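S.K.: Just passing along the structure, written as structure tokens.
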Amino acid sequence: MNRAHNFYAGPAVLPFEVIEETRDAVYDFNNLGVSIMEISHRDKAFDVVIQEAQSDLLNIMKLPKEEYYVLFLGGGASTQFAMVPYNFLLNEADYIETGYWSERAVKEAKITGKTNVIATAKETNFNHIPKNFNITPNADYVHITSNNTIYGTEWKKWPETGNVPLVVDHSSDFLALNHNFSKASLIYAGAQKNVGPAGVTIVIVKKSWVEEKSRKEGYTMLKYKTHIDKESLYNTPPVLPIYVVHRTLKWIIKQGGLEAIEANNIKKASLIYDLFDAYPEFFVGAVKVKEDRSLMNVTWNLPTPELESKFIDEAKKLKMLGLKGHRAVGGIRASIYNACPLSSVEALTKFMEEFHKNNK
Ligand SMILES: *Cc1c(COP(=O)(O)O)cnc(C)c1O
């Protein structure tokens, strides 16, 4: 197959070997004579998949399995915007607003209880990560969005929050950087940006926090406790997406884990950002603080909207897909997730050089 250069923001590029493995499992899973879509989620063969996915994930993140639970849930990251406060917002919670998805998280928290937006970058169109803020003493938690998919900013280091638990919407840079994950009490991520197809959301949560603080009464499906007690099998989980995540985790391990993944991501992103620095009048980066530039979603403008349309059209002819910026901000966005090959980024920067020469 002739693979396109895939720069979609999500659902997004996956390792090709994972696509091949999934094709085979959809056809005949483990030589059982049935598709992965046709077996019970309680079958032994699937149990191996979900158990391995949990333990591989904690190993990749260097989190001890005695201290953290891993859940595979439906409903997308958007359901976590409500589930986090439903389970943990008892008095008040702090939110740092860094873009469209943070705003949505704030909106759901406000429905539940007292919500403090302790910092926002809204007045500068989210062109940086605000780093001056005061955490409310005794807040139930602080919520951040680790990577802002639409605006192209990223927390390269997560904040220190002292005694207040840190909650991270990690959807769009999940397993892209070698963080100290033990800083967080709860991490959630929709799979479709960096580790799988749409349909499964991964939640990693500190056991002690759930046991001591989370809601024990209320809607069954909305309590973390329900899914923990039944090991993500309270109801039917998204079996096929979990299988794809399982294969992607194996791929990450094969690449050399997060050290190797991070190094590769820095290398890829630098190729594009170097062009912003070389031609700042032509490739106008949307992010104004260099250290906040996302390694996953690179956002920029050209001198006119006409040139932007021309850029996207010409790129498409070279099989470069998904470069149009989000409708909320316009411009151009190249999403270069873990599985985006270096060769695709090189093809893009070569095209950018030529486009600059022909249109400056
Ligand atoms: C895409 C995205 C979401 C929404 O995910 P869904 O799975 O579509 O609900 C939330 N947060 C971030 C940072 C995202 O990039």
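The chains in the structure tokens are called A, B, ... from first to last as shown; in each chain the residues are counted from 1, and the ligands are counted from 1 in the order shown.
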Could you give me, as a PyMOL selection string, the residues within 6 Å of region 135-141 of chain A, counting only C-alpha atoms and dropping anything in the same chain fewer than 2 positions from it?
M.R.: chain A and resi 89+92-93+164-166
S.K.: Kindly save the residues from that selection, with all heavy atoms included, as a CSV table (one decimal), in the first residue's frame.
M.R.:
chain,number,residue,atom,x,y,z
A,89,LEU,N,-14.8,16.3,43.0
A,89,LEU,CA,-15.0,17.7,43.3
A,89,LEU,C,-16.0,17.7,44.5
A,89,LEU,O,-17.2,17.7,44.3
A,89,LEU,CB,-15.5,18.5,42.1
A,89,LEU,CG,-15.3,20.0,42.2
A,89,LEU,CD1,-15.7,20.7,40.9
A,89,LEU,CD2,-15.9,20.7,43.3
A,92,GLU,N,-14.0,22.3,46.3
A,92,GLU,CA,-13.6,23.2,45.2
A,92,GLU,C,-12.4,22.6,44.4
A,92,GLU,O,-11.6,21.9,45.0
A,92,GLU,CB,-13.3,24.6,45.6
A,92,GLU,CG,-12.2,24.7,46.7
A,92,GLU,CD,-12.1,26.1,47.2
A,92,GLU,OE1,-12.1,27.1,46.4
A,92,GLU,OE2,-11.9,26.3,48.4
A,93,ALA,N,-12.4,23.0,43.1
A,93,ALA,CA,-11.2,22.5,42.3
A,93,ALA,C,-10.7,23.6,41.5
A,93,ALA,O,-11.4,24.5,41.1
A,93,ALA,CB,-11.7,21.3,41.4
A,164,VAL,N,-1.9,19.2,46.7
A,164,VAL,CA,-3.1,19.1,46.0
A,164,VAL,C,-2.9,18.2,44.8
A,164,VAL,O,-2.0,18.3,44.0
A,164,VAL,CB,-3.5,20.5,45.5
A,164,VAL,CG1,-4.7,20.5,44.6
A,164,VAL,CG2,-3.6,21.5,46.6
A,165,PRO,N,-3.8,17.2,44.6
A,165,PRO,CA,-3.6,16.2,43.5
A,165,PRO,C,-3.7,16.8,42.2
A,165,PRO,O,-4.5,17.8,41.9
A,165,PRO,CB,-4.8,15.2,43.7
A,165,PRO,CG,-5.2,15.4,45.2
A,165,PRO,CD,-4.9,16.9,45.5
A,166,LEU,N,-2.8,16.4,41.3
A,166,LEU,CA,-2.8,16.9,39.9
A,166,LEU,C,-3.6,15.9,39.0
A,166,LEU,O,-3.4,14.7,39.0
A,166,LEU,CB,-1.3,17.0,39.4
A,166,LEU,CG,-1.1,17.4,38.0
A,166,LEU,CD1,-1.6,18.8,37.7
A,166,LEU,CD2,0.4,17.2,37.6
S.K.: Hey, what's within 12 Å of Lys319 (chain A) if we count only C-alpha atoms and toss same-chain stuff fewer than 5 positions away? As a PyMOL selection string, please?
M.R.: chain A and resi 2-7+312-314+344+347-348+351
S.K.: Pick from A:Trp158, A:Tyr95, A:Tyr188, A:Phe88: nearest to ligand 1, with only C-alpha atoms and all ligand atoms counted?
M.R.: A:Tyr188
S.K.: Residues contacting ligand 1 - anything with an atom at most 10 Å away, using only C-alpha atoms and all ligand atoms - can you give me those as a JSON list (two decimals) with all heavy atoms, in the first residue's frame?
M.R.:
[["chain", "number", "residue", "atom", "x", "y", "z"],
["A", 9, "ALA", "N", -5.23, 15.61, 12.98],
["A", 9, "ALA", "CA", -5.12, 15.89, 14.42],
["A", 9, "ALA", "C", -5.78, 14.80, 15.27],
["A", 9, "ALA", "O", -5.52, 14.70, 16.46],
["A", 9, "ALA", "CB", -5.74, 17.24, 14.73],
["A", 10, "GLY", "N", -6.67, 14.04, 14.69],
["A", 10, "GLY", "CA", -7.28, 12.94, 15.45],
["A", 10, "GLY", "C", -8.71, 12.70, 14.99],
["A", 10, "GLY", "O", -9.45, 13.67, 14.89],
["A", 11, "PRO", "N", -9.05, 11.42, 14.75],
["A", 11, "PRO", "CA", -8.18, 10.25, 14.71],
["A", 11, "PRO", "C", -6.97, 10.48, 13.80],
["A", 11, "PRO", "O", -7.05, 11.27, 12.86],
["A", 11, "PRO", "CB", -9.08, 9.14, 14.20],
["A", 11, "PRO", "CG", -10.45, 9.56, 14.67],
["A", 11, "PRO", "CD", -10.45, 11.05, 14.58],
["A", 74, "GLY", "N", -15.33, 3.80, 27.90],
["A", 74, "GLY", "CA", -15.93, 4.43, 26.71],
["A", 74, "GLY", "C", -16.20, 5.90, 26.99],
["A", 74, "GLY", "O", -15.82, 6.45, 28.02],
["A", 75, "GLY", "N", -16.84, 6.56, 26.04],
["A", 75, "GLY", "CA", -17.31, 7.93, 26.27],
["A", 75, "GLY", "C", -16.35, 9.04, 25.92],
["A", 75, "GLY", "O", -16.68, 10.21, 26.03],
["A", 76, "GLY", "N", -15.13, 8.69, 25.51],
["A", 76, "GLY", "CA", -14.18, 9.72, 25.09],
["A", 76, "GLY", "C", -13.62, 10.52, 26.26],
["A", 76, "GLY", "O", -14.12, 10.43, 27.39],
["A", 77, "ALA", "N", -12.60, 11.30, 25.96],
["A", 77, "ALA", "CA", -12.04, 12.18, 26.99],
["A", 77, "ALA", "C", -13.11, 13.14, 27.48],
["A", 77, "ALA", "O", -13.10, 13.57, 28.64],
["A", 77, "ALA", "CB", -10.85, 12.94, 26.42],
["A", 78, "SER", "N", -14.06, 13.46, 26.63],
["A", 78, "SER", "CA", -15.12, 14.42, 27.01],
["A", 78, "SER", "C", -15.95, 13.92, 28.20],
["A", 78, "SER", "O", -16.42, 14.74, 29.00],
["A", 78, "SER", "CB", -16.04, 14.68, 25.82],
["A", 78, "SER", "OG", -15.28, 15.24, 24.75],
["A", 79, "THR", "N", -16.14, 12.62, 28.31],
["A", 79, "THR", "CA", -16.86, 12.10, 29.48],
["A", 79, "THR", "C", -16.03, 12.28, 30.76],
["A", 79, "THR", "O", -16.56, 12.48, 31.85],
["A", 79, "THR", "CB", -17.26, 10.63, 29.27],
["A", 79, "THR", "OG1", -18.14, 10.59, 28.15],
["A", 79, "THR", "CG2", -17.97, 10.04, 30.47],
["A", 80, "GLN", "N", -14.70, 12.24, 30.61],
["A", 80, "GLN", "CA", -13.84, 12.47, 31.78],
["A", 80, "GLN", "C", -13.97, 13.90, 32.30],
["A", 80, "GLN", "O", -13.75, 14.14, 33.48],
["A", 80, "GLN", "CB", -12.37, 12.14, 31.45],
["A", 80, "GLN", "CG", -12.15, 10.66, 31.12],
["A", 80, "GLN", "CD", -12.71, 9.76, 32.21],
["A", 80, "GLN", "OE1", -12.40, 9.91, 33.38],
["A", 80, "GLN", "NE2", -13.57, 8.83, 31.81],
["A", 81, "PHE", "N", -14.31, 14.84, 31.41],
["A", 81, "PHE", "CA", -14.52, 16.22, 31.88],
["A", 81, "PHE", "C", -15.58, 16.25, 32.98],
["A", 81, "PHE", "O", -15.52, 17.06, 33.89],
["A", 81, "PHE", "CB", -14.98, 17.14, 30.73],
["A", 81, "PHE", "CG", -14.00, 17.31, 29.60],
["A", 81, "PHE", "CD1", -14.43, 17.79, 28.37],
["A", 81, "PHE", "CD2", -12.65, 17.01, 29.77],
["A", 81, "PHE", "CE1", -13.54, 17.96, 27.32],
["A", 81, "PHE", "CE2", -11.74, 17.18, 28.72],
["A", 81, "PHE", "CZ", -12.20, 17.65, 27.49],
["A", 98, "THR", "N", -6.06, 26.46, 29.14],
["A", 98, "THR", "CA", -5.03, 26.66, 28.11],
["A", 98, "THR", "C", -5.58, 26.41, 26.71],
["A", 98, "THR", "O", -4.79, 26.30, 25.76],
["A", 98, "THR", "CB", -3.84, 25.73, 28.37],
["A", 98, "THR", "OG1", -4.33, 24.40, 28.54],
["A", 98, "THR", "CG2", -3.06, 26.15, 29.61],
["A", 99, "GLY", "N", -6.89, 26.34, 26.56],
["A", 99, "GLY", "CA", -7.42, 26.14, 25.21],
["A", 99, "GLY", "C", -8.84, 25.61, 25.22],
["A", 99, "GLY", "O", -9.50, 25.54, 26.26],
["A", 100, "TYR", "N", -9.26, 25.24, 24.04],
["A", 100, "TYR", "CA", -10.63, 24.79, 23.77],
["A", 100, "TYR", "C", -11.05, 23.62, 24.68],
["A", 100, "TYR", "O", -12.11, 23.63, 25.28],
["A", 100, "TYR", "CB", -10.63, 24.37, 22.31],
["A", 100, "TYR", "CG", -11.90, 23.84, 21.72],
["A", 100, "TYR", "CD1", -12.79, 24.69, 21.10],
["A", 100, "TYR", "CD2", -12.16, 22.46, 21.72],
["A", 100, "TYR", "CE1", -13.94, 24.19, 20.50],
["A", 100, "TYR", "CE2", -13.30, 21.96, 21.12],
["A", 100, "TYR", "CZ", -14.19, 22.82, 20.51],
["A", 100, "TYR", "OH", -15.32, 22.32, 19.93],
["A", 101, "TRP", "N", -10.16, 22.62, 24.80],
["A", 101, "TRP", "CA", -10.54, 21.44, 25.59],
["A", 101, "TRP", "C", -10.54, 21.75, 27.07],
["A", 101, "TRP", "O", -11.38, 21.24, 27.82],
["A", 101, "TRP", "CB", -9.62, 20.26, 25.27],
["A", 101, "TRP", "CG", -9.73, 19.84, 23.84],
["A", 101, "TRP", "CD1", -8.79, 19.97, 22.87],
["A", 101, "TRP", "CD2", -10.88, 19.26, 23.19],
["A", 101, "TRP", "NE1", -9.27, 19.50, 21.67],
["A", 101, "TRP", "CE2", -10.54, 19.07, 21.83],
["A", 101, "TRP", "CE3", -12.15, 18.88, 23.62],
["A", 101, "TRP", "CZ2", -11.43, 18.51, 20.91],
["A", 101, "TRP", "CZ3", -13.03, 18.33, 22.70],
["A", 101, "TRP", "CH2", -12.68, 18.15, 21.37],
["A", 102, "SER", "N", -9.62, 22.61, 27.54],
["A", 102, "SER", "CA", -9.67, 23.02, 28.95],
["A", 102, "SER", "C", -10.98, 23.76, 29.24],
["A", 102, "SER", "O", -11.56, 23.58, 30.30],
["A", 102, "SER", "CB", -8.57, 24.00, 29.33],
["A", 102, "SER", "OG", -7.35, 23.70, 28.82],
["A", 103, "GLU", "N", -11.40, 24.59, 28.30],
["A", 103, "GLU", "CA", -12.65, 25.33, 28.53],
["A", 103, "GLU", "C", -13.83, 24.37, 28.68],
["A", 103, "GLU", "O", -14.71, 24.57, 29.49],
["A", 103, "GLU", "CB", -12.92, 26.29, 27.35],
["A", 103, "GLU", "CG", -12.00, 27.50, 27.33],
["A", 103, "GLU", "CD", -12.34, 28.43, 26.18],
["A", 103, "GLU", "OE1", -12.19, 28.02, 25.00],
["A", 103, "GLU", "OE2", -12.75, 29.58, 26.45],
["A", 104, "ARG", "N", -13.79, 23.32, 27.87],
["A", 104, "ARG", "CA", -14.86, 22.32, 28.00],
["A", 104, "ARG", "C", -14.80, 21.60, 29.35],
["A", 104, "ARG", "O", -15.83, 21.27, 29.93],
["A", 104, "ARG", "CB", -14.77, 21.31, 26.86],
["A", 104, "ARG", "CG", -15.25, 21.89, 25.55],
["A", 104, "ARG", "CD", -15.63, 20.74, 24.65],
["A", 104, "ARG", "NE", -16.28, 21.22, 23.44],
["A", 104, "ARG", "CZ", -16.70, 20.42, 22.47],
["A", 104, "ARG", "NH1", -16.52, 19.11, 22.56],
["A", 104, "ARG", "NH2", -17.28, 20.90, 21.41],
["A", 105, "ALA", "N", -13.58, 21.34, 29.81],
["A", 105, "ALA", "CA", -13.43, 20.68, 31.12],
["A", 105, "ALA", "C", -13.98, 21.59, 32.23],
["A", 105, "ALA", "O", -14.68, 21.12, 33.14],
["A", 105, "ALA", "CB", -11.96, 20.34, 31.37],
["A", 144, "ILE", "N", -5.03, 20.23, 34.60],
["A", 144, "ILE", "CA", -4.37, 20.86, 33.44],
["A", 144, "ILE", "C", -4.64, 20.03, 32.17],
["A", 144, "ILE", "O", -4.98, 18.85, 32.25],
["A", 144, "ILE", "CB", -2.83, 21.00, 33.62],
["A", 144, "ILE", "CG1", -2.14, 19.62, 33.66],
["A", 144, "ILE", "CG2", -2.49, 21.82, 34.85],
["A", 144, "ILE", "CD1", -0.62, 19.68, 33.49],
["A", 145, "THR", "N", -4.46, 20.68, 31.03],
["A", 145, "THR", "CA", -4.50, 20.00, 29.73],
["A", 145, "THR", "C", -3.06, 19.99, 29.23],
["A", 145, "THR", "O", -2.49, 21.05, 28.95],
["A", 145, "THR", "CB", -5.39, 20.79, 28.75],
["A", 145, "THR", "OG1", -6.63, 21.08, 29.39],
["A", 145, "THR", "CG2", -5.64, 20.01, 27.47],
["A", 146, "SER", "N", -2.46, 18.81, 29.16],
["A", 146, "SER", "CA", -1.00, 18.76, 28.95],
["A", 146, "SER", "C", -0.58, 19.24, 27.57],
["A", 146, "SER", "O", 0.51, 19.77, 27.40],
["A", 146, "SER", "CB", -0.47, 17.34, 29.19],
["A", 146, "SER", "OG", -1.09, 16.44, 28.31],
["A", 147, "ASN", "N", -1.46, 19.07, 26.58],
["A", 147, "ASN", "CA", -1.14, 19.52, 25.22],
["A", 147, "ASN", "C", -2.42, 20.07, 24.60],
["A", 147, "ASN", "O", -3.47, 19.43, 24.69],
["A", 147, "ASN", "CB", -0.61, 18.34, 24.40],
["A", 147, "ASN", "CG", -0.21, 18.74, 23.00],
["A", 147, "ASN", "OD1", 0.84, 19.35, 22.79],
["A", 147, "ASN", "ND2", -1.04, 18.42, 22.02],
["A", 148, "ASN", "N", -2.29, 21.24, 24.01],
["A", 148, "ASN", "CA", -3.47, 21.92, 23.47],
["A", 148, "ASN", "C", -3.51, 21.73, 21.96],
["A", 148, "ASN", "O", -2.86, 22.44, 21.20],
["A", 148, "ASN", "CB", -3.47, 23.37, 23.93],
["A", 148, "ASN", "CG", -3.54, 23.41, 25.45],
["A", 148, "ASN", "OD1", -4.61, 23.20, 26.02],
["A", 148, "ASN", "ND2", -2.41, 23.56, 26.11],
["A", 149, "THR", "N", -4.28, 20.72, 21.59],
["A", 149, "THR", "CA", -4.34, 20.15, 20.26],
["A", 149, "THR", "C", -4.63, 21.20, 19.18],
["A", 149, "THR", "O", -4.12, 21.10, 18.07],
["A", 149, "THR", "CB", -5.47, 19.09, 20.25],
["A", 149, "THR", "OG1", -5.53, 18.49, 21.55],
["A", 149, "THR", "CG2", -5.26, 18.04, 19.21],
["A", 150, "ILE", "N", -5.45, 22.18, 19.53],
["A", 150, "ILE", "CA", -5.91, 23.15, 18.54],
["A", 150, "ILE", "C", -4.93, 24.32, 18.44],
["A", 150, "ILE", "O", -4.60, 24.78, 17.35],
["A", 150, "ILE", "CB", -7.33, 23.63, 18.90],
["A", 150, "ILE", "CG1", -8.29, 22.44, 18.73],
["A", 150, "ILE", "CG2", -7.75, 24.84, 18.08],
["A", 150, "ILE", "CD1", -9.71, 22.70, 19.18],
["A", 168, "VAL", "N", -4.54, 15.34, 34.90],
["A", 168, "VAL", "CA", -4.03, 15.74, 33.59],
["A", 168, "VAL", "C", -4.89, 15.16, 32.47],
["A", 168, "VAL", "O", -5.06, 13.94, 32.37],
["A", 168, "VAL", "CB", -2.57, 15.26, 33.40],
["A", 168, "VAL", "CG1", -2.03, 15.72, 32.05],
["A", 168, "VAL", "CG2", -1.67, 15.75, 34.53],
["A", 169, "ASP", "N", -5.44, 16.06, 31.64],
["A", 169, "ASP", "CA", -6.00, 15.61, 30.36],
["A", 169, "ASP", "C", -4.81, 15.48, 29.42],
["A", 169, "ASP", "O", -4.27, 16.46, 28.93],
["A", 169, "ASP", "CB", -7.02, 16.63, 29.81],
["A", 169, "ASP", "CG", -7.50, 16.26, 28.40],
["A", 169, "ASP", "OD1", -7.05, 15.23, 27.86],
["A", 169, "ASP", "OD2", -8.33, 17.01, 27.84],
["A", 170, "HIS", "N", -4.42, 14.22, 29.20],
["A", 170, "HIS", "CA", -3.18, 13.93, 28.49],
["A", 170, "HIS", "C", -3.48, 13.45, 27.06],
["A", 170, "HIS", "O", -2.62, 12.88, 26.39],
["A", 170, "HIS", "CB", -2.44, 12.83, 29.28],
["A", 170, "HIS", "CG", -0.97, 12.76, 29.07],
["A", 170, "HIS", "ND1", -0.24, 13.72, 28.41],
["A", 170, "HIS", "CD2", -0.06, 11.81, 29.45],
["A", 170, "HIS", "CE1", 1.04, 13.36, 28.40],
["A", 170, "HIS", "NE2", 1.17, 12.22, 29.01],
["A", 171, "SER", "N", -4.71, 13.71, 26.59],
["A", 171, "SER", "CA", -5.18, 13.08, 25.34],
["A", 171, "SER", "C", -4.23, 13.24, 24.17],
["A", 171, "SER", "O", -3.93, 12.28, 23.47],
["A", 171, "SER", "CB", -6.54, 13.67, 24.94],
["A", 171, "SER", "OG", -7.50, 13.35, 25.91],
["A", 172, "SER", "N", -3.76, 14.48, 23.93],
["A", 172, "SER", "CA", -3.10, 14.67, 22.64],
["A", 172, "SER", "C", -1.58, 14.63, 22.71],
["A", 172, "SER", "O", -0.92, 14.81, 21.69],
["A", 172, "SER", "CB", -3.59, 15.96, 21.98],
["A", 172, "SER", "OG", -3.38, 17.07, 22.80],
["A", 173, "ASP", "N", -1.00, 14.37, 23.90],
["A", 173, "ASP", "CA", 0.43, 14.02, 23.90],
["A", 173, "ASP", "C", 0.68, 12.82, 24.81],
["A", 173, "ASP", "O", 1.75, 12.70, 25.42],
["A", 173, "ASP", "CB", 1.34, 15.21, 24.23],
["A", 173, "ASP", "CG", 1.14, 15.78, 25.63],
["A", 173, "ASP", "OD1", 0.12, 15.45, 26.28],
["A", 173, "ASP", "OD2", 2.00, 16.56, 26.08],
["A", 174, "PHE", "N", -0.29, 11.93, 24.83],
["A", 174, "PHE", "CA", -0.17, 10.73, 25.65],
["A", 174, "PHE", "C", 1.01, 9.87, 25.17],
["A", 174, "PHE", "O", 1.10, 9.55, 23.99],
["A", 174, "PHE", "CB", -1.49, 9.94, 25.57],
["A", 174, "PHE", "CG", -1.57, 8.78, 26.52],
["A", 174, "PHE", "CD1", -1.31, 8.94, 27.87],
["A", 174, "PHE", "CD2", -1.94, 7.51, 26.06],
["A", 174, "PHE", "CE1", -1.40, 7.87, 28.75],
["A", 174, "PHE", "CE2", -2.04, 6.44, 26.93],
["A", 174, "PHE", "CZ", -1.77, 6.62, 28.27],
["A", 188, "TYR", "N", -5.88, 11.09, 32.17],
["A", 188, "TYR", "CA", -6.80, 10.46, 31.20],
["A", 188, "TYR", "C", -6.45, 10.87, 29.79],
["A", 188, "TYR", "O", -5.86, 11.93, 29.56],
["A", 188, "TYR", "CB", -8.26, 10.77, 31.53],
["A", 188, "TYR", "CG", -8.68, 12.23, 31.47],
["A", 188, "TYR", "CD1", -9.18, 12.78, 30.29],
["A", 188, "TYR", "CD2", -8.62, 13.04, 32.60],
["A", 188, "TYR", "CE1", -9.60, 14.11, 30.24],
["A", 188, "TYR", "CE2", -9.02, 14.37, 32.56],
["A", 188, "TYR", "CZ", -9.52, 14.90, 31.38],
["A", 188, "TYR", "OH", -9.93, 16.21, 31.33],
["A", 189, "ALA", "N", -6.80, 10.00, 28.85],
["A", 189, "ALA", "CA", -6.47, 10.27, 27.44],
["A", 189, "ALA", "C", -7.42, 9.52, 26.53],
["A", 189, "ALA", "O", -7.58, 8.30, 26.67],
["A", 189, "ALA", "CB", -5.03, 9.86, 27.15],
["A", 190, "GLY", "N", -8.05, 10.22, 25.62],
["A", 190, "GLY", "CA", -8.75, 9.56, 24.52],
["A", 190, "GLY", "C", -7.68, 8.93, 23.64],
["A", 190, "GLY", "O", -6.66, 9.55, 23.36],
["A", 191, "ALA", "N", -7.90, 7.70, 23.21],
["A", 191, "ALA", "CA", -6.84, 6.97, 22.49],
["A", 191, "ALA", "C", -6.54, 7.54, 21.11],
["A", 191, "ALA", "O", -5.43, 7.38, 20.60],
["A", 191, "ALA", "CB", -7.23, 5.50, 22.36],
["A", 192, "GLN", "N", -7.50, 8.22, 20.51],
["A", 192, "GLN", "CA", -7.43, 8.48, 19.06],
["A", 192, "GLN", "C", -6.41, 9.52, 18.62],
["A", 192, "GLN", "O", -6.26, 9.77, 17.43],
["A", 192, "GLN", "CB", -8.82, 8.84, 18.53],
["A", 192, "GLN", "CG", -9.32, 10.22, 18.90],
["A", 192, "GLN", "CD", -10.03, 10.27, 20.25],
["A", 192, "GLN", "OE1", -9.86, 9.38, 21.06],
["A", 192, "GLN", "NE2", -10.82, 11.30, 20.47],
["A", 193, "LYS", "N", -5.71, 10.15, 19.56],
["A", 193, "LYS", "CA", -4.68, 11.10, 19.14],
["A", 193, "LYS", "C", -3.33, 10.39, 18.98],
["A", 193, "LYS", "O", -2.59, 10.70, 18.07],
["A", 193, "LYS", "CB", -4.55, 12.24, 20.15],
["A", 193, "LYS", "CG", -5.86, 12.97, 20.45],
["A", 193, "LYS", "CD", -6.28, 13.92, 19.34],
["A", 193, "LYS", "CE", -7.72, 14.39, 19.43],
["A", 193, "LYS", "NZ", -8.16, 14.91, 20.70],
["A", 194, "ASN", "N", -3.01, 9.49, 19.90],
["A", 194, "ASN", "CA", -1.63, 8.99, 19.86],
["A", 194, "ASN", "C", -1.47, 7.48, 20.04],
["A", 194, "ASN", "O", -0.37, 6.97, 19.81],
["A", 194, "ASN", "CB", -0.79, 9.71, 20.93],
["A", 194, "ASN", "CG", 0.62, 10.04, 20.46],
["A", 194, "ASN", "OD1", 0.97, 9.79, 19.31],
["A", 194, "ASN", "ND2", 1.42, 10.58, 21.34],
["A", 197, "PRO", "N", -7.50, 3.86, 17.97],
["A", 197, "PRO", "CA", -8.64, 4.48, 17.28],
["A", 197, "PRO", "C", -9.57, 5.15, 18.30],
["A", 197, "PRO", "O", -9.41, 4.97, 19.51],
["A", 197, "PRO", "CB", -9.34, 3.28, 16.64],
["A", 197, "PRO", "CG", -9.02, 2.13, 17.53],
["A", 197, "PRO", "CD", -7.69, 2.44, 18.21],
["A", 198, "ALA", "N", -10.52, 5.91, 17.83],
["A", 198, "ALA", "CA", -11.54, 6.46, 18.71],
["A", 198, "ALA", "C", -12.33, 5.32, 19.33],
["A", 198, "ALA", "O", -12.49, 4.26, 18.74],
["A", 198, "ALA", "CB", -12.46, 7.37, 17.90],
["A", 199, "GLY", "N", -12.81, 5.54, 20.55],
["A", 199, "GLY", "CA", -13.69, 4.54, 21.16],
["A", 199, "GLY", "C", -13.23, 4.09, 22.53],
["A", 199, "GLY", "O", -14.04, 3.62, 23.33],
["A", 200, "VAL", "N", -11.95, 4.24, 22.85],
["A", 200, "VAL", "CA", -11.51, 3.88, 24.19],
["A", 200, "VAL", "C", -10.77, 5.08, 24.80],
["A", 200, "VAL", "O", -10.05, 5.80, 24.11],
["A", 200, "VAL", "CB", -10.62, 2.61, 24.22],
["A", 200, "VAL", "CG1", -9.30, 2.79, 23.47],
["A", 200, "VAL", "CG2", -10.35, 2.17, 25.66],
["A", 201, "THR", "N", -11.02, 5.28, 26.08],
["A", 201, "THR", "CA", -10.34, 6.32, 26.85],
["A", 201, "THR", "C", -9.60, 5.63, 27.98],
["A", 201, "THR", "O", -10.15, 4.78, 28.67],
["A", 201, "THR", "CB", -11.36, 7.32, 27.43],
["A", 201, "THR", "OG1", -12.10, 7.85, 26.34],
["A", 201, "THR", "CG2", -10.67, 8.46, 28.16],
["A", 297, "ASN", "N", 1.41, 19.01, 17.87],
["A", 297, "ASN", "CA", 0.58, 19.80, 16.96],
["A", 297, "ASN", "C", 1.30, 21.12, 16.69],
["A", 297, "ASN", "O", 1.39, 21.96, 17.57],
["A", 297, "ASN", "CB", -0.80, 20.07, 17.57],
["A", 297, "ASN", "CG", -1.47, 18.81, 18.12],
["A", 297, "ASN", "OD1", -1.44, 18.56, 19.33],
["A", 297, "ASN", "ND2", -2.04, 18.01, 17.26]]
S.K.: Region 100-174 of chain A: which residues are strand (DSSP E or B) by DSSP, as a ChimeraX atom specification?
M.R.: /A:114-120,142-145,147-148,153-154,166-169
S.K.: Just to confirm, what's the straight-line distance from CA of Arg247 (chain A) to CA of Val18 (chain A) in Å (one decimal)?
M.R.: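 Between these atoms lies a distance of 5.9 Å.
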S.K.: When distances are computed from only C-alpha atoms, which of A:Lys316, A:Lys44, A:Lys225, A:Lys62 shows the smallest separation from His179 (chain A)?
M.R.: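 Of A:Lys316, A:Lys44, A:Lys225, A:Lys62, the one nearest His179 (chain A), counting only C-alpha atoms, is A:Lys62.
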S.K.: Which is closest to Ile129 (chain A) among A:Glu154, A:Asp229, A:Glu217, A:Asp94, if we use only C-alpha atoms?
M.R.: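 Nearest to Ile129 (chain A): A:Glu154.
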S.K.: What's the separation between CA of Ile36 (chain A) and CA of Ile19 (chain A), in Å to one decimal place?
M.R.: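 One can read the CA of Ile36 (chain A) to CA of Ile19 (chain A) distance as 13.8 Å.
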